[in-house]
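A short worksheet on the structure shown next.
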Amino acid sequence: MIVLPLLAAALTFQTAAPPTPPRFESGRAWEHLRQLVAIGPRPSGSPAIEQTRKYIKDQLAAMGLTALEQAWDDETPIDKVHMVNLSIVIPGARKERIVFAGHYDTKLFRQFRFVGASDGASSAAFLLELARILKARKSPFTIELLFLDGEEARLPDWQGTDNTYGSRHYVEMAKRDGSLAAIKALILVDMIGDRDLDIRRDENSTPWLTDAIWAAAKHQDLDDSFLAESTRIEDDHLPFLAAGVPSVDVIDLDYDAWHTAKDNLDAVSARSLQIVGDAIVGALPAIEARLIKQSQIALVHKTTVRRKAPRKDYAIRLAQHRHHRRGLRRKADVVTMGH
Ligand code: 1BN
Ligand code: ZN
């Protein structure tokens, strides 16, 4: 029988070669984006955002992933709103984590129907497709996917603390439960669906993280979309930066449809999601390598300091001992002279 040796060869091949992680498929991300937009306006606290959460959780469950809900009620300038962040953890070789985040709420507009195809749907759709490929990957760091609620201001203008409710709550809780120290980097995506994609470097973001993503984009000839120009952006990465977490915001704010009824399917494209997917997934090995090097340096530093400490103690004790003896000798001289 020729079948058996062939089957044996096929099985050997399967066990010998590690599975290559699947590529980011914008077709899948696009389908998520379409489904989210079809829900309609999804402001925090609405029945529609509850439906959005169900969609996200069901999609993750179909991939074999469980979303943890972080729920709380927050006071906004106009009302008290029930908010929920969704967190998914994909274990890696280390317990230290790289967090990928994005918001899934849409801004509340009463004057027109705002469905946030780029502003709200693109980030959530992107994270869902990222979950699929990162689950299939052997990662050196644990990966966390974070779907943030309450990014948008409740009032028309972005002012004071009337925004970034979800990220501020997450960071506060992570500080309180001691899990913040394990977060080694945050990669935030926001408004990445614009069919005419122009992403500028954000001056608030951590330079080495920004460099890693822009270098991966350049390497793949994506520098038409990842521009060398800079701008300064306030977004969900600020609470993480304030807490000392290296963070980057990948956002296209050069978007005519921003916060208008025109932020719909006509203004976005699957191609833009692919470009961002390729740049971020392409940058991940360099980001991981940098963090591994950083942790090795920190380890060497820790062991050197520990080894040096007793020597320093000994030196101090010796000096103190000598000083004490000198004092005694002086006292003895005085006594002798007095006699
Ligand atoms: C992003 C999407 N943002 C709101 N919706 C944050 C932001 C607010 C960015 C004001 C720039 C200006
Ligand atoms: Zn917005």
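Ordering of the structure tokens sets the chain letters (A, B, ...); residue numbers start at 1 within each chain; ligands are numbered from 1 in the order shown.
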Worksheet entry | All residues having an atom within 8 Å of ligand 2 (only C-alpha atoms and all ligand atoms) as an MDAnalysis selection string | chainID A and resid 106:107 116 119:120 151:152 258:259
May I have the residues from that selection written out with N, CA and C atoms, as an mmCIF file, in the first residue's frame?
data_model
loop_
_atom_site.group_PDB
_atom_site.id
_atom_site.type_symbol
_atom_site.label_atom_id
_atom_site.label_comp_id
_atom_site.auth_asym_id
_atom_site.auth_seq_id
_atom_site.Cartn_x
_atom_site.Cartn_y
_atom_site.Cartn_z
ATOM 1 N N THR A 106 -19.168 54.460 20.198
ATOM 2 C CA THR A 106 -19.214 55.555 19.212
ATOM 3 C C THR A 106 -19.709 56.812 19.919
ATOM 4 N N LYS A 107 -19.310 57.944 19.379
ATOM 5 C CA LYS A 107 -19.680 59.209 20.005
ATOM 6 C C LYS A 107 -21.192 59.432 19.906
ATOM 7 N N GLY A 116 -19.949 55.574 13.101
ATOM 8 C CA GLY A 116 -18.516 55.400 13.375
ATOM 9 C C GLY A 116 -17.863 54.210 12.684
ATOM 10 N N ASP A 119 -14.344 55.525 13.227
ATOM 11 C CA ASP A 119 -14.215 55.928 14.635
ATOM 12 C C ASP A 119 -15.071 55.038 15.557
ATOM 13 N N GLY A 120 -14.542 53.864 15.840
ATOM 14 C CA GLY A 120 -15.244 52.953 16.745
ATOM 15 C C GLY A 120 -15.306 51.537 16.202
ATOM 16 N N GLU A 151 -14.417 55.850 25.292
ATOM 17 C CA GLU A 151 -13.312 56.715 24.826
ATOM 18 C C GLU A 151 -13.841 58.109 24.511
ATOM 19 N N GLU A 152 -15.044 58.139 23.949
ATOM 20 C CA GLU A 152 -15.591 59.406 23.465
ATOM 21 C C GLU A 152 -16.110 60.310 24.589
ATOM 22 N N TRP A 258 -14.691 62.718 10.003
ATOM 23 C CA TRP A 258 -14.551 62.594 11.465
ATOM 24 C C TRP A 258 -15.718 63.255 12.196
ATOM 25 N N HIS A 259 -16.395 62.486 13.054
ATOM 26 C CA HIS A 259 -17.509 62.952 13.873
ATOM 27 C C HIS A 259 -18.627 63.568 13.029
#
Fill in: Residue set, region 143-215 of chain A restricted to alpha helix (DSSP H), as a list in words
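Secondary structure check on region 143-215 of chain A, alpha helix (DSSP H): Tyr165, Gly166, Ser167, Arg168, His169, Tyr170, Val171, Glu172, Met173, Ala174, Lys175, Arg176, Asp177, Pro207, Trp208, Leu209, Thr210, Asp211, Ala212, Ile213, Trp214 and Ala215 of chain A.
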Fill in: Pick from A:Ala48, A:Arg97, A:Leu60, A:Arg42, whichever lies nearest to Ala181 (chain A) using only C-alpha atoms
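With only C-alpha atoms as the atom set, the closest residue is A:Arg97.
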Item to complete: Grab me every residue within 10 Å of ligand 1, counting only C-alpha atoms and all ligand atoms, and send it over as a PyMOL selection string.
Response: chain A and resi 103+105-107+116+118-120+151-153+157-159+163-164+189-191+231-236+251-254+258-259
Could you build a table of the residues in region 39-114 of chain A lying no more than 9 Å from region 127-130 of chain A, giving for each the nearest pair of atoms and their separation in Å rounded to one decimal place, using only C-alpha atoms, ordered by chain and ascending residue number, as JSON lines?
{"residue": "A:Ile56", "atom": "CA", "partner": "A:Leu128", "partner_atom": "CA", "distance": 7.4}
{"residue": "A:Gln59", "atom": "CA", "partner": "A:Leu128", "partner_atom": "CA", "distance": 7.6}
{"residue": "A:Leu60", "atom": "CA", "partner": "A:Leu128", "partner_atom": "CA", "distance": 7.2}
{"residue": "A:Phe100", "atom": "CA", "partner": "A:Leu127", "partner_atom": "CA", "distance": 7.4}
{"residue": "A:Ala101", "atom": "CA", "partner": "A:Leu127", "partner_atom": "CA", "distance": 7.3}
{"residue": "A:Gly102", "atom": "CA", "partner": "A:Leu127", "partner_atom": "CA", "distance": 7.3}
Written selection (C-alpha atoms) as a PDB file, in the first residue's frame:
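This is the output file again.pdb:
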ATOM      1  CA  ILE A  56     -17.492  40.761  20.070  1.00  0.00           C
ATOM      2  CA  GLN A  59     -16.864  36.108  17.719  1.00  0.00           C
ATOM      3  CA  LEU A  60     -14.137  35.532  20.304  1.00  0.00           C
ATOM      4  CA  PHE A 100      -3.341  45.799  22.002  1.00  0.00           C
ATOM      5  CA  ALA A 101      -6.224  48.169  22.590  1.00  0.00           C
ATOM      6  CA  GLY A 102      -8.936  50.113  20.796  1.00  0.00           C
TER       7      GLY A 102
END
With only C-alpha atoms counted and 12 Å as the cut-off, give the residues of region 170-203 of chain A in contact with region 276-295 of chain A, each with its shortest interatomic distance in Å and the pair that gives it, as CSV.
residue,atom,partner,partner_atom,distance
A:Ala182,CA,A:Ser295,CA,11.4
A:Ile183,CA,A:Leu291,CA,10.8
A:Lys184,CA,A:Leu291,CA,7.3
A:Ala185,CA,A:Leu291,CA,8.5
A:Leu186,CA,A:Ile287,CA,10.7
A:Ile187,CA,A:Ile280,CA,8.6
A:Leu188,CA,A:Ile280,CA,10.3
A:Val189,CA,A:Val276,CA,8.8
A:Asp190,CA,A:Val276,CA,10.6
A:Met191,CA,A:Val276,CA,10.6
A:Ile192,CA,A:Val276,CA,7.1
A:Gly193,CA,A:Val276,CA,9.0
A:Asp194,CA,A:Val276,CA,10.9
A:Arg195,CA,A:Val276,CA,11.8
A:Leu197,CA,A:Val276,CA,9.3
A:Asp198,CA,A:Val276,CA,10.8
A:Ile199,CA,A:Val276,CA,9.4
Practice prompt. Could you give me, as a PyMOL selection string, the residues within 9 Å of Ala125 (chain A), counting only C-alpha atoms and dropping anything in the same chain fewer than 6 positions from it?
Written response: chain A and resi 28-34+36+56+104+273
Worksheet entry | Test item: residues at most 8 Å from region 69-76 of chain A, only C-alpha atoms, excluding those fewer than 2 positions along its chain, as an MDAnalysis selection string | chainID A and resid 67 78:87 154 162 165
Emit the selected residues as a PDB file, in the first residue's frame, including C-alpha atoms.
ATOM      1  CA  ALA A  67     -13.610  37.804  27.094  1.00  0.00           C
ATOM      2  CA  ILE A  78     -24.545  64.741  31.720  1.00  0.00           C
ATOM      3  CA  ASP A  79     -25.414  61.374  33.267  1.00  0.00           C
ATOM      4  CA  LYS A  80     -24.304  58.231  35.017  1.00  0.00           C
ATOM      5  CA  VAL A  81     -23.283  55.619  32.441  1.00  0.00           C
ATOM      6  CA  HIS A  82     -22.795  51.864  32.704  1.00  0.00           C
ATOM      7  CA  MET A  83     -19.508  51.028  31.018  1.00  0.00           C
ATOM      8  CA  VAL A  84     -17.750  47.754  30.242  1.00  0.00           C
ATOM      9  CA  ASN A  85     -14.200  47.054  29.025  1.00  0.00           C
ATOM     10  CA  LEU A  86     -13.568  43.643  27.472  1.00  0.00           C
ATOM     11  CA  SER A  87     -10.225  41.941  28.015  1.00  0.00           C
ATOM     12  CA  ARG A 154     -20.186  62.630  26.369  1.00  0.00           C
ATOM     13  CA  ASP A 162     -15.064  63.782  29.905  1.00  0.00           C
ATOM     14  CA  TYR A 165     -13.330  56.658  30.704  1.00  0.00           C
TER      15      TYR A 165
END
Worksheet item: Using the chain letters and numbers from this document, which residues of region 106-210 of chain A does DSSP assign to strand (DSSP E), as number ranges by chain?
Response: A: 141-148, 183-190, 199-202
Worksheet entry | Closest of A:Leu155, A:Ile133, A:Leu146, A:Val99 to Val248 (chain A) - atom-to-atom distances counting only C-alpha atoms |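 For Val248 (chain A), the nearest of the given residues is A:Val99.
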May I have the residues within 12 Å of Lys218 (chain A) as a PDB file with N, CA and C atoms, in the first residue's frame, using only C-alpha atoms and disregarding those fewer than 3 positions away in the same chain?
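Wrote it out as out16.pdb, contents follow:
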ATOM      1  N   ASP A 211       8.832  54.150  16.324  1.00  0.00           N
ATOM      2  CA  ASP A 211       9.880  53.813  15.341  1.00  0.00           C
ATOM      3  C   ASP A 211       9.704  52.377  14.836  1.00  0.00           C
ATOM      4  N   ALA A 212       9.413  51.444  15.755  1.00  0.00           N
ATOM      5  CA  ALA A 212       9.291  50.024  15.375  1.00  0.00           C
ATOM      6  C   ALA A 212       8.168  49.844  14.346  1.00  0.00           C
ATOM      7  N   ILE A 213       7.050  50.510  14.571  1.00  0.00           N
ATOM      8  CA  ILE A 213       5.906  50.358  13.652  1.00  0.00           C
ATOM      9  C   ILE A 213       6.185  51.063  12.323  1.00  0.00           C
ATOM     10  N   TRP A 214       6.763  52.250  12.395  1.00  0.00           N
ATOM     11  CA  TRP A 214       7.049  52.994  11.155  1.00  0.00           C
ATOM     12  C   TRP A 214       8.138  52.277  10.337  1.00  0.00           C
ATOM     13  N   ALA A 215       9.089  51.641  11.020  1.00  0.00           N
ATOM     14  CA  ALA A 215      10.142  50.895  10.301  1.00  0.00           C
ATOM     15  C   ALA A 215       9.534  49.674   9.603  1.00  0.00           C
ATOM     16  N   ASP A 221       6.992  48.860   2.208  1.00  0.00           N
ATOM     17  CA  ASP A 221       6.563  49.908   1.253  1.00  0.00           C
ATOM     18  C   ASP A 221       5.205  50.505   1.587  1.00  0.00           C
ATOM     19  N   LEU A 222       4.964  50.672   2.891  1.00  0.00           N
ATOM     20  CA  LEU A 222       3.675  51.239   3.304  1.00  0.00           C
ATOM     21  C   LEU A 222       3.834  52.687   3.770  1.00  0.00           C
ATOM     22  N   ASP A 223       4.951  53.321   3.375  1.00  0.00           N
ATOM     23  CA  ASP A 223       5.202  54.678   3.876  1.00  0.00           C
ATOM     24  C   ASP A 223       4.338  55.743   3.213  1.00  0.00           C
ATOM     25  N   ASP A 224       3.497  55.348   2.244  1.00  0.00           N
ATOM     26  CA  ASP A 224       2.498  56.286   1.705  1.00  0.00           C
ATOM     27  C   ASP A 224       1.399  56.523   2.728  1.00  0.00           C
ATOM     28  N   SER A 225       1.201  55.525   3.594  1.00  0.00           N
ATOM     29  CA  SER A 225       0.150  55.612   4.628  1.00  0.00           C
ATOM     30  C   SER A 225       0.727  55.953   5.992  1.00  0.00           C
ATOM     31  N   PHE A 226       1.946  55.497   6.284  1.00  0.00           N
ATOM     32  CA  PHE A 226       2.621  55.819   7.548  1.00  0.00           C
ATOM     33  C   PHE A 226       3.602  56.952   7.259  1.00  0.00           C
ATOM     34  N   LEU A 227       3.141  58.176   7.474  1.00  0.00           N
ATOM     35  CA  LEU A 227       3.916  59.358   7.086  1.00  0.00           C
ATOM     36  C   LEU A 227       5.011  59.684   8.095  1.00  0.00           C
ATOM     37  N   ALA A 228       6.027  60.393   7.613  1.00  0.00           N
ATOM     38  CA  ALA A 228       7.135  60.785   8.489  1.00  0.00           C
ATOM     39  C   ALA A 228       6.749  61.984   9.367  1.00  0.00           C
ATOM     40  N   ILE A 275      -3.254  47.410   5.634  1.00  0.00           N
ATOM     41  CA  ILE A 275      -2.004  48.177   5.776  1.00  0.00           C
ATOM     42  C   ILE A 275      -1.611  48.269   7.260  1.00  0.00           C
ATOM     43  N   VAL A 276      -2.592  48.599   8.095  1.00  0.00           N
ATOM     44  CA  VAL A 276      -2.294  48.729   9.530  1.00  0.00           C
ATOM     45  C   VAL A 276      -1.961  47.352  10.118  1.00  0.00           C
ATOM     46  N   ASP A 278      -0.592  44.783   8.564  1.00  0.00           N
ATOM     47  CA  ASP A 278       0.751  44.388   8.116  1.00  0.00           C
ATOM     48  C   ASP A 278       1.833  45.168   8.877  1.00  0.00           C
ATOM     49  N   ALA A 279       1.587  46.466   9.103  1.00  0.00           N
ATOM     50  CA  ALA A 279       2.606  47.276   9.806  1.00  0.00           C
ATOM     51  C   ALA A 279       2.737  46.814  11.266  1.00  0.00           C
ATOM     52  N   ILE A 280       1.626  46.619  11.940  1.00  0.00           N
ATOM     53  CA  ILE A 280       1.688  46.269  13.372  1.00  0.00           C
ATOM     54  C   ILE A 280       2.164  44.830  13.580  1.00  0.00           C
ATOM     55  N   GLY A 282       3.906  43.161  11.513  1.00  0.00           N
ATOM     56  CA  GLY A 282       5.297  43.163  11.055  1.00  0.00           C
ATOM     57  C   GLY A 282       6.255  43.728  12.096  1.00  0.00           C
ATOM     58  N   ALA A 283       5.764  44.641  12.917  1.00  0.00           N
ATOM     59  CA  ALA A 283       6.622  45.278  13.938  1.00  0.00           C
ATOM     60  C   ALA A 283       6.737  44.436  15.213  1.00  0.00           C
TER      61      ALA A 283
END
